[in-house]
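Worksheet for the structure shown next.
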Amino acid sequence: MIRIFTICSVLVCMFFVFPVLSNAQVDEVLVTIPSVSATEAVRVAPSPIHFYHRLEDGYLAGTSRITTSYLKKRGIDVVVVDDQPWSESYAIVAKPHPGKADVSLDNLTGRVLLAGNDFRLVKGSESYFERLREQGFVCVEIDKWEVPIDATTTRLPENIGQHRYGLIDTLISFVSDTSIREYIQAMQNFGTRYWNNANRDSVSKWVRAKYLETGIADVKLDSFQYSSTWQANVVATIPGTVDPSKELIVGGHHDSYNSANQNLAPGADDNASGAAGAIEMARVLKLRNYQPAYTMRFMGYAAEEAGLRGSASYAQRARAANRDIRCMQNYDMIANRYQAPTDQSVYVVWYTTSEAYRDLHATMMQMYTPLIPVPTTSYRSGSDSYSFWQQNYRTVFIIERNFSPYYHSQNDLLQYLDMTYCANIVKSGLAMLVTLDQMPASVANLRVLDRGNGTSLRVSWDSVQVPDFALYRIYVGRIPGVYDTIYTQTTRSRTITGLTEGTSYIIGVSIVDLVGREGMVTELTGVPRSVPLPPAGLATEGLSGCVKLNWRKNTEMDMLGYNVYRTMVPIPGAPFMMLTSAPTLDTLWMDSLQNTGVYEYYVTAVDSQMHESAPSDTVQGSVLTGINQETEISPFAFRLYGNYPNPFNPSTGIRYEIGQSGHVEIRVFDMLGREVDILVSERKSAGSYVAMWNAREAASGVYYVQLKAEGRMASHRMVLMK
C-alpha cells in the first residue's frame, strides 16, 4: 500500500512538449465539477477547462472566474475550492489503516479544501505531507498534468456466468501456494525494499529474473526518475496472437516500507503477496503454453510507497502513447486473513467507469473459488490502480478484507499469512484475466446524438477488430442496468425511435462473438428533443467599429443555423432586433456599429424544421473607444480559439484569426512533439478562418494544434476519442 506521493518535476515535464500556459490557466481558479456534468461543462464553457485529477464522483479542474460563473448560471454544480491555485502543493489524503484509531481525517491541521467520504483534498507543503505520512495517512500529491474525462459507464453482460470455460478450471488448478510462498520468502529476505534503499536495483532485477524463469522472453526494466534516483518497474510481456494492440495488465508493487524503521521492512503482505501473485499467474500461463488473443503484461511497480510513482510514470506514458489498455488488475496485500475459517471474504475495490470489471472479478471469485467478494470504494487512492484510473483506463483492485495488523512494520512476515487464501485470490485473478482475453473487446468511441425530432436518438461507434464477430447488441433503458428494449444488428449505427421527448435514456452497446460470448456493455445517455438547446458559451469582444460575438456549436443533428439578436442598453423595455436575415451557419458574428453605446445580445439555434431554441444567456458588448478613427484598424487580432467539437471523432474545426496579412501555418503535434499533420501553410489576409482536421488515420489521444503567424505562436490542446 501507498506511503506518500511527492512531486517529481522531471516526470511532470518529461512527456509534454506543449502546451504553454494560456492566460486562462494563469488566471484560473481551482474548482470541482461533478462527473455527470463534465462533458456538458466542456461543451458550454466560454474558456478552456483543464482537468487535473479524478475524484470519487467528479473532477478537480482549473478554469477562469468568468467560466466558473457562467457554468453556475447554466445550473452546473461548480464549487470553487481554491482561488489562488498552485501556490502550494495539493494532496489527496486518506486513512488506510483501520487499526490506527488515533488517525482521523477530521483532525487534519492543514488547509482542507474538500472533504469526501474517505478522503480530504489538502493544500500544504511537502514537509507537511511527510508528517502526515509519519502519522499513518496516505498522501497522493496531485501533479499539474491534465487527465482525460469520460462520460461512459460499463456494465457486465448478463450471460457472463453461462460461459464457464474448462480451460480456466485447468489453468487455475496449477496455481501453487508453494510457489507463491517461495516468491514471498525471497522478497522478504531482502530485509527492506524501500525506494531509497541501496538494494532497490537488486530487488527489481530479482523480480525480472523470476519472470524470465517462467519462460517469458520479453522482460524489461522500465526505468523512471524519482527524487534524484533511478527506479525500475518490471514489465513482462506475452504478445497477443489475435490483436496485440490491445493490452491486459496484471500488477502489484514490489517495494516495501516500515513507518518505524525503513531498514526493517520485510513487506511480506505489503506487497510481496501481490507481486508474487502476478508472477504466479504468468508462470501458470507459460507452463500451460497459453496463447493470449491480446497482449498480456505482468508488472512489478517500483516506489509505490513513495506515492504510486512507478505506476503513475507508466500510466501517464501509456496514455500519452494512446495505448489501448483494456483493463489493469491490481493486487496489493492479498494474504492476511484472521477471520473465522468460514469467512473467505475479500475486498473488490472499484472505480467509476469500471463497474463491469468489479462485477467480473466478483463473478470469477464466486465461480472458481470459495472466496466471498465484498465490493468497496475504500482504499481507492491507496494503490497502483489509482494511477491507471486517473488516465481513464478500466481497472479493479483486490485487497484482503481484514487489514493486516502488521502493516508497515518489521513484523510483516510470511509466518502470519494465509497462503490458501492468497492462492484463491490469485486463482480468481487468473480466471478474470483469461475471461477478459476470451471475451470480445468493448466498442470504441460510442456516440449518442439527438436527431432533433423529439422522438429519436442516433447511436454510433467505431469499428473494433473481433475475428469471430457475430453481431452488436444495443440496449435502451431509463434506469442504469435496466433495459426496456434490446436490438441486434451487424452495422455500426442505429436510429432509436419511439422515445419520449425530454426523457433521459441510457444507450448501451456490446459486441457478441460467434459462440455467444458478449463483451462489456458500454453506456452513454441521451435526451431526445424537438427544439434545439440554447447555444452556449456566448461571448463578446469590442473592436473598432464593431462588436464580435462567438459561441459554441450545437450538437443536434438537424441544425440549420443561428439567429443573433441585439438591443440597446439601457432603454427600458426596448425590444431585441434580429440581426440575421437568415440563420447563419457560423458561430462567429461581426456586428458593425457606429454608436459607441452599450448593447445586449443573445443567440438562438434553429433546426431544419425552423424550430427556434430558447435564447442563450444574454451578454453585453460595445465598440472599442479611445482609438483614432481615421486610422484603419483591423477588427481581427491574432488568436487561436478552442477547436470544436472537443473531444472529437474523427473531424474537428479549428477557428483562428489573424490581424494582418501574411504567411500562416497551422500544424498538429502529438504528445511527444512529433508533427502529425499540416493543415495550413499559405498566405492569408486578415480575417477569421476555420481549419478542419480529419483525424481518421490518427490514434485516440491528446494532440496539440499550433498556429504561427505575425511572428507569433499559439497552441491548443485537442482530444481525439475513437
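Every chain in the C-alpha cells takes a letter, A first, then B, and so on in the order presented; its residues are numbered from 1, and the ligands are numbered from 1 following the presented order.
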
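Excluding Arg131 of chain A and any residue on its chain fewer than 4 positions from it, the residues at most 12 Å away by only C-alpha atoms are Arg3, Ile4, Val93, Leu108, Thr109, Gly110, Gly124, Ser125, Glu126, Ser127, Gln135, Gly136, Phe137, Val138, Cys139 and Ser259 of chain A.
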
Could you write out that same residue set with N, CA and C atoms as a short mmCIF file (atom, residue, chain, number, x, y, z; two decimals), in the first residue's frame?
data_model
loop_
_atom_site.label_atom_id
_atom_site.label_comp_id
_atom_site.auth_asym_id
_atom_site.auth_seq_id
_atom_site.Cartn_x
_atom_site.Cartn_y
_atom_site.Cartn_z
N ARG A 3 2.67 4.90 0.47
CA ARG A 3 3.24 5.64 1.58
C ARG A 3 2.99 7.13 1.40
N ILE A 4 3.64 7.77 0.41
CA ILE A 4 3.45 9.20 0.18
C ILE A 4 3.72 9.50 -1.28
N VAL A 93 -5.59 13.05 0.68
CA VAL A 93 -5.17 12.44 1.95
C VAL A 93 -6.25 11.47 2.40
N LEU A 108 -7.11 16.73 10.71
CA LEU A 108 -6.07 17.33 9.90
C LEU A 108 -5.93 18.82 10.21
N THR A 109 -4.70 19.27 10.34
CA THR A 109 -4.46 20.67 10.69
C THR A 109 -4.12 21.53 9.48
N GLY A 110 -3.90 20.90 8.33
CA GLY A 110 -3.60 21.66 7.12
C GLY A 110 -4.85 22.29 6.54
N GLY A 124 -0.89 22.17 1.04
CA GLY A 124 0.18 22.35 2.01
C GLY A 124 1.53 22.11 1.40
N SER A 125 2.52 22.05 2.24
CA SER A 125 3.89 21.85 1.80
C SER A 125 4.23 20.36 1.76
N GLU A 126 5.31 20.03 1.07
CA GLU A 126 5.77 18.66 1.03
C GLU A 126 6.14 18.16 2.42
N SER A 127 6.71 19.04 3.24
CA SER A 127 7.09 18.63 4.59
C SER A 127 5.85 18.31 5.43
N GLN A 135 2.32 9.93 10.45
CA GLN A 135 1.21 9.67 11.36
C GLN A 135 0.33 8.51 10.89
N GLY A 136 0.57 8.02 9.68
CA GLY A 136 -0.18 6.88 9.18
C GLY A 136 -1.14 7.18 8.06
N PHE A 137 -1.17 8.43 7.57
CA PHE A 137 -2.06 8.79 6.47
C PHE A 137 -1.47 8.38 5.13
N VAL A 138 -2.34 8.25 4.15
CA VAL A 138 -1.95 8.12 2.75
C VAL A 138 -1.98 9.52 2.15
N CYS A 139 -0.95 9.90 1.42
CA CYS A 139 -0.89 11.21 0.77
C CYS A 139 -0.54 11.02 -0.70
N SER A 259 7.08 2.19 8.81
CA SER A 259 6.90 3.54 9.32
C SER A 259 7.77 3.82 10.54
#

For Ser510 of chain A, find every residue with an atom within 8 Å (counting only C-alpha atoms), except residues of its own chain fewer than 5 positions away, and show them as a list in words.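 What passes the distance filter is Ser442, Val443, Tyr472, Arg473, Ile474, Glu518, Gly519, Met520, Val521 and Thr522 of chain A.
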
Take the residues that were just selected and, keeping N, CA and C atoms, output them as an mmCIF file, in the first residue's frame.
data_model
loop_
_atom_site.group_PDB
_atom_site.id
_atom_site.type_symbol
_atom_site.label_atom_id
_atom_site.label_comp_id
_atom_site.auth_asym_id
_atom_site.auth_seq_id
_atom_site.Cartn_x
_atom_site.Cartn_y
_atom_site.Cartn_z
ATOM 1 N N SER A 442 -14.574 -4.266 -26.109
ATOM 2 C CA SER A 442 -15.657 -3.290 -25.993
ATOM 3 C C SER A 442 -15.706 -2.424 -27.244
ATOM 4 N N VAL A 443 -16.868 -1.843 -27.513
ATOM 5 C CA VAL A 443 -16.982 -0.927 -28.647
ATOM 6 C C VAL A 443 -16.142 0.320 -28.365
ATOM 7 N N TYR A 472 -23.688 -6.880 -33.060
ATOM 8 C CA TYR A 472 -23.729 -5.888 -31.985
ATOM 9 C C TYR A 472 -25.058 -6.014 -31.261
ATOM 10 N N ARG A 473 -25.030 -5.777 -29.972
ATOM 11 C CA ARG A 473 -26.253 -5.759 -29.176
ATOM 12 C C ARG A 473 -26.426 -4.345 -28.616
ATOM 13 N N ILE A 474 -27.595 -3.756 -28.851
ATOM 14 C CA ILE A 474 -27.877 -2.384 -28.426
ATOM 15 C C ILE A 474 -28.979 -2.421 -27.373
ATOM 16 N N GLU A 518 -20.346 -12.379 -24.970
ATOM 17 C CA GLU A 518 -20.625 -10.955 -25.110
ATOM 18 C C GLU A 518 -19.580 -10.137 -24.376
ATOM 19 N N GLY A 519 -19.131 -9.072 -25.007
ATOM 20 C CA GLY A 519 -18.183 -8.168 -24.374
ATOM 21 C C GLY A 519 -18.863 -7.226 -23.404
ATOM 22 N N MET A 520 -18.061 -6.407 -22.753
ATOM 23 C CA MET A 520 -18.603 -5.436 -21.813
ATOM 24 C C MET A 520 -19.566 -4.490 -22.521
ATOM 25 N N VAL A 521 -20.609 -4.095 -21.811
ATOM 26 C CA VAL A 521 -21.574 -3.136 -22.341
ATOM 27 C C VAL A 521 -21.091 -1.727 -22.004
ATOM 28 N N THR A 522 -20.899 -0.896 -23.014
ATOM 29 C CA THR A 522 -20.512 0.498 -22.819
ATOM 30 C C THR A 522 -21.753 1.359 -22.956
#

Using only C-alpha atoms, which of A:Thr353, A:Ile33, A:Ile49, A:Ala536 sits nearest Val79 of chain A?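 Checking each candidate against Val79 of chain A, we get A:Ile33 as the closest.
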
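Across A:Ile425, A:Met299, A:Leu113, A:Ile184, the tightest approach to Val348 of chain A is made by A:Ile425 when counting only C-alpha atoms.
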
Alpha helix (DSSP H) residues, from DSSP on the backbone, in segment 162-356 of chain A, as JSON, numbers by chain: {"A": [166, 167, 168, 169, 170, 171, 172, 177, 178, 179, 180, 181, 182, 183, 184, 185, 186, 187, 188, 200, 201, 202, 203, 204, 205, 206, 207, 208, 209, 210, 211, 212, 213, 273, 274, 275, 276, 277, 278, 279, 280, 281, 282, 283, 284, 285, 286, 287, 309, 310, 311, 312, 313, 314, 315, 316, 317, 318, 319, 320, 355, 356]}
